[in-house]
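What follows is a single structure, written as C-alpha cells, with notes after it.
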Amino acid sequence: MAVLETDGLERAREQTLALVETLGDDDLERVHSRLMSPLVWDLGHIAAFEDLWLCHRRGGRPLLRPDLAATYDAFETPRARRSELRYLRRAEAESYLAAVRARVRELDLPADDAIVELVLRHERQHAETMLQTLALARLDGWTPPSLVVASAAASPASGIDLVVVPAGIVPIGAAADGFAYDNEKPRHEIEVDSFAIGRLPVTNVDWLGFVEAGGYARRRWWSPAGWEWRQSEGVERPLQWIDDARERRLDGVHEFQPGAAVVHVSWYEADAFARSHGLRLPSELEWEVAATWDSDRGLKLDWPWGDERPSPRHANLIESGIFAPLPAGSLPDGAAPCGALGLIGDVWEWTASEFRGYAGFRAHPYREYSEVFFGPDYRVLRGGSFAASRDVVTTTFRNWDYPQRRQIFCGLRLAGDLG
C-alpha cells in the first residue's frame, strides 16, 4: 500500500509548490530578508529532510545527495549564513524534490508511521515560513493561490473583553499515544487558579487606540528591554501597517479590517499593549487551559470545538485558501469551553512564558528540534495562524521565537488576575 495515498504528503507537496509556482527564478533564489532563507533553500531543505528521515533512517537507504547534507542542515547553517551557501537553484531543487519523493513512493511505510508524520508536519511548517518570506518580500504581482478574501465584520470586535476560566486540576501537554513533538510531552497535571483571558484576540481597532494614545512613545508601558528595542528600531506601528489605516497583506495593500486580529507585532509590543490596559499576557499554560479545559466535564479536548480536526468552518487555515485573519469572533462554532474564540487559526498568540521543557522532557527524535532553544532568549507562541496547516496545529503545539521578531504571523490575547 502506498503511504502517499493516505497521509497527505502529496497534498502538502502540491500546496508547497503552488506557493512559488508563479515566481520568477530570481525572486525564488535571492535573499529577500536577512531574517529569512532564500525560498529555494526551503525547497532543497524539505527534500533533504524527507530523504534523511524517510529514505535513509526509516528505509535504510543511502542518502541521495550526501554532498548536500551540510548545506541543508538547519541547525548547522542558520538563516544569516544561508545566502553564502552553494544551495541548489530552482531547476536542481525541483528535481531533487521529485527524486526524493520517487524514492519514498518505493518504500512500504504505514500511513500512521510517526516519522512519516514528522516529515509531513515539517513540510507544512516550512510552507508557513515561506509565506513569511513572501510577506517580507512584498513582490508585485504575486498573490497566494486560490486566495479567498475575508469579509469585514459588521461592527469592529474588540479583544479587550475578558472571560473567566475556572480553577481546577488540569492536564497539560500531549497524550502519550499519537504524534506530538518532544516539547509537548510528557502530559502532566497542574493546579491552576481561576483567571481571566481575552474572549477574542486583540484586534486592529484595539491596536489603533494604542497608537493614538501614544503607546509607542510612553516609556512607562514598556519593559526596559522592549523600550531599548523600540528606540533602536524606530518602531511606531505593526510591521505591515503602511499608516494608521492601511496594511500590507500577502496580496497587496488594503485598508485594514478594524475587527480582524492585529498581526505582525513583537512580544515587546504585545507586552506593552497589555501593560497599557493594566493587564498582561497569559502564560502558555493558561492559554492551553483556556483552550481545552471543560470544568463541567473535566475533559481535555484536542480542539476548542471538540475532538475533530479543524475545517475551514472552524479555523481559517491555509487549506481553506484564506490568507489573512478573519474578523475576530466570526466563527462562533469554534468557541473554547470558557467561551474564548479564535484560539486556533487567526494569529500566533504571544504568551508570557519562556520556552523550556516540561518536567521529564526527553529529546526525540533529535535534540535540535527543541532542546537547544530552551532558555530565556525565546518566548512561546500558541494557537497557530491563518498560514499554519491543520496538519500541524493543535492546542498543545508550542511555537517559539525571539521577543523582537515580527515577521511571523503573530498577535496576542490579553489575560488578567481575578480578585
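By order of appearance in the C-alpha cells: chains A, B, ..., then residues from 1 within every chain, and ligands from 1 in the order shown.
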
Exercise for review: Would you mind listing what lies within 8 Å of A:Ala175 as a VMD selection string, with only C-alpha atoms counted and same-chain residues fewer than 6 positions away left out?
Suggested key: chain A and resid 185 to 187

Serialized selection, C-alpha atoms, as a compact mmCIF listing (two decimals), in the first residue's frame:
```txt
# COMPACT_ATOMS: atom_id res chain seq x y z
CA LYS A 185 5.44 15.87 26.42
CA PRO A 186 5.06 14.40 28.92
CA ARG A 187 1.43 15.09 29.72
```

Exercise for review: Determine, counting only C-alpha atoms, which protein, DNA and RNA residues have an atom within 9 Å of an atom of A:Trp227; residues of the same chain fewer than 5 positions away are not included. Present the result as a list in words.
Suggested key: Tyr216, Arg219, Trp221, Trp222, Ser232 and Tyr268 of chain A

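Within 10 Å of A:Ala157, once only C-alpha atoms are used and residues closer than 3 positions along the same chain are dropped, the contacting residues are Ala153, Ala154, Ile160, Asp161, Leu200, Pro201, Val202, Thr203, Asn204, Val205, Asp206, Pro258, Gly259, Ala260, Ala261, Pro327, Ala328, Gly329 and Ser330 of chain A.
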
**Study point:** Nearby residues (only C-alpha atoms) at most 10 Å from A:Ala388, same-chain spacing under 5 positions excluded, as a PyMOL selection string
**Key:** chain A and resi 124-129+131+316-319+323+344-348+383+393+409

Could you please take those selected residues and save C-alpha atoms as an mmCIF file, in the first residue's frame?
```
data_model
loop_
_atom_site.group_PDB
_atom_site.id
_atom_site.type_symbol
_atom_site.label_atom_id
_atom_site.label_comp_id
_atom_site.auth_asym_id
_atom_site.auth_seq_id
_atom_site.Cartn_x
_atom_site.Cartn_y
_atom_site.Cartn_z
ATOM 1 C CA ARG A 124 3.805 22.176 6.352
ATOM 2 C CA GLN A 125 5.815 24.296 8.792
ATOM 3 C CA HIS A 126 8.197 25.341 6.033
ATOM 4 C CA ALA A 127 5.263 26.381 3.861
ATOM 5 C CA GLU A 128 4.316 28.874 6.578
ATOM 6 C CA THR A 129 7.944 30.014 6.802
ATOM 7 C CA LEU A 131 4.784 32.685 3.384
ATOM 8 C CA ASN A 316 -9.099 29.964 8.630
ATOM 9 C CA LEU A 317 -6.094 27.790 7.881
ATOM 10 C CA ILE A 318 -4.028 27.587 4.726
ATOM 11 C CA GLU A 319 -6.074 24.743 3.210
ATOM 12 C CA PHE A 323 -4.520 34.220 3.709
ATOM 13 C CA ILE A 344 -6.636 28.405 16.662
ATOM 14 C CA GLY A 345 -6.190 29.708 13.153
ATOM 15 C CA ASP A 346 -6.195 33.510 13.342
ATOM 16 C CA VAL A 347 -2.731 34.536 14.551
ATOM 17 C CA TRP A 348 0.001 33.014 16.651
ATOM 18 C CA GLY A 383 -2.595 28.750 18.612
ATOM 19 C CA VAL A 393 -1.518 22.996 14.857
ATOM 20 C CA PHE A 409 2.036 35.923 11.733
#
```

Point to revise | One-decimal distance in Å that lies between atom CA of A:Glu286 and atom CA of A:Ile197 | key: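 Atom-to-atom, atom CA of A:Ile197 and atom CA of A:Glu286 are spaced 8.4 Å apart.
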
Exercise for review: Give me, please, the distance in Å between atom CA of A:Ser37 and atom CA of A:Arg246, quoted to one decimal.
Suggested key: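 It comes out at 27.5 Å.
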
**Study point:** Atomic distance atom CA of A:Arg413 - atom CA of A:Ser33, expressed in Å with one decimal
**Key:**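 Between atom CA of A:Arg413 and atom CA of A:Ser33 the gap is 28.0 Å.
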
Check your understanding: Among stretch 33-252 of chain A, which residues carry a DSSP assignment of helix (DSSP H, G or I), reported as a ChimeraX atom specification?
Key -> /A:39-58,66-68,79-84,90-105,114-137,182-184,204-212,219-221,224-233

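Minimum atom-to-atom distance to A:Gly198, evaluated using only C-alpha atoms, belongs to A:Ser158 out of A:Asn183, A:Thr16, A:Ser223, A:Ser158.
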
Point to revise | Distance criterion (only C-alpha atoms): nearest to A:Asp51 out of A:Leu19, A:Leu39, A:Ala335, A:Leu97 | key: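 Using only C-alpha atoms, the shortest distance to A:Asp51 belongs to A:Leu97.
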
Review point. If we count only C-alpha atoms, what is near A:Gly278 at a cut-off of 10 Å, once residues fewer than 4 positions away on the same chain are taken out, given as a list in words?
Key: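 The neighbour list is Trp221, Ala272, Phe273, Ala274, Leu414, Ala415 and Gly416 of chain A.
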
Check your understanding: Which residues, written as a PyMOL selection string, have at least one atom at most 10 Å from A:Asp73, with only C-alpha atoms counted and residues fewer than 4 positions away on the same chain left out?
Key -> chain A and resi 45+48-49+68-69+77-78

So that I can check the secondary structure, give me every residue of stretch 122-297 of chain A assigned strand (DSSP E or B) by backbone DSSP, as an mmCIF file with C-alpha atoms, in the first residue's frame.
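Result file is selection_18.cif:
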```cif
data_model
loop_
_atom_site.group_PDB
_atom_site.id
_atom_site.type_symbol
_atom_site.label_atom_id
_atom_site.label_comp_id
_atom_site.auth_asym_id
_atom_site.auth_seq_id
_atom_site.Cartn_x
_atom_site.Cartn_y
_atom_site.Cartn_z
ATOM 1 C CA VAL A 148 -10.264 33.940 -0.648
ATOM 2 C CA LEU A 162 -12.263 39.021 29.101
ATOM 3 C CA VAL A 163 -13.918 35.729 30.036
ATOM 4 C CA VAL A 164 -13.318 33.751 33.214
ATOM 5 C CA VAL A 165 -11.521 30.407 33.216
ATOM 6 C CA GLY A 168 -9.048 23.234 38.616
ATOM 7 C CA ILE A 169 -6.518 20.463 38.271
ATOM 8 C CA VAL A 170 -5.914 20.357 34.542
ATOM 9 C CA PRO A 171 -3.980 18.008 32.220
ATOM 10 C CA ILE A 172 -1.332 19.810 30.155
ATOM 11 C CA HIS A 188 1.129 16.181 33.320
ATOM 12 C CA GLU A 189 -1.381 17.808 35.624
ATOM 13 C CA ILE A 190 -1.217 21.300 37.062
ATOM 14 C CA GLU A 191 -3.401 23.093 39.550
ATOM 15 C CA VAL A 192 -4.492 26.440 38.219
ATOM 16 C CA PHE A 195 -8.078 33.725 35.824
ATOM 17 C CA ALA A 196 -9.433 35.864 33.001
ATOM 18 C CA ILE A 197 -8.450 35.736 29.348
ATOM 19 C CA GLY A 198 -9.467 37.650 26.243
ATOM 20 C CA THR A 203 -7.824 43.456 17.039
ATOM 21 C CA TRP A 241 0.941 48.736 8.657
ATOM 22 C CA ARG A 246 -3.743 50.623 5.637
ATOM 23 C CA GLU A 247 -1.771 47.409 5.932
ATOM 24 C CA ARG A 248 0.139 45.205 3.547
ATOM 25 C CA ARG A 249 -1.123 41.653 3.239
ATOM 26 C CA GLY A 252 -1.013 43.734 -1.599
ATOM 27 C CA VAL A 253 -2.019 46.845 0.336
ATOM 28 C CA HIS A 254 -5.527 47.113 1.799
ATOM 29 C CA GLU A 255 -7.430 49.203 4.260
ATOM 30 C CA ALA A 260 -9.520 41.437 12.470
ATOM 31 C CA ALA A 261 -6.778 40.261 14.795
ATOM 32 C CA ARG A 280 -0.785 41.048 30.995
ATOM 33 C CA TRP A 293 -10.386 22.808 29.964
ATOM 34 C CA ASP A 294 -14.036 21.969 30.392
#
```

Review point. Which residue, A:Glu50, A:Asp244, A:Glu368, A:Asp251, has the smallest gap to A:Tyr96 when you use only C-alpha atoms?
Key: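 Comparing A:Glu50, A:Asp244, A:Glu368, A:Asp251 against A:Tyr96, the winner is A:Glu50.
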
Practice item. Please provide the set of residues having any atom within 10 Å of A:His32, restricted to only C-alpha atoms, with same-chain residues fewer than 6 positions apart removed, written as a PyMOL selection string. Key: chain A and resi 38-39+133-139
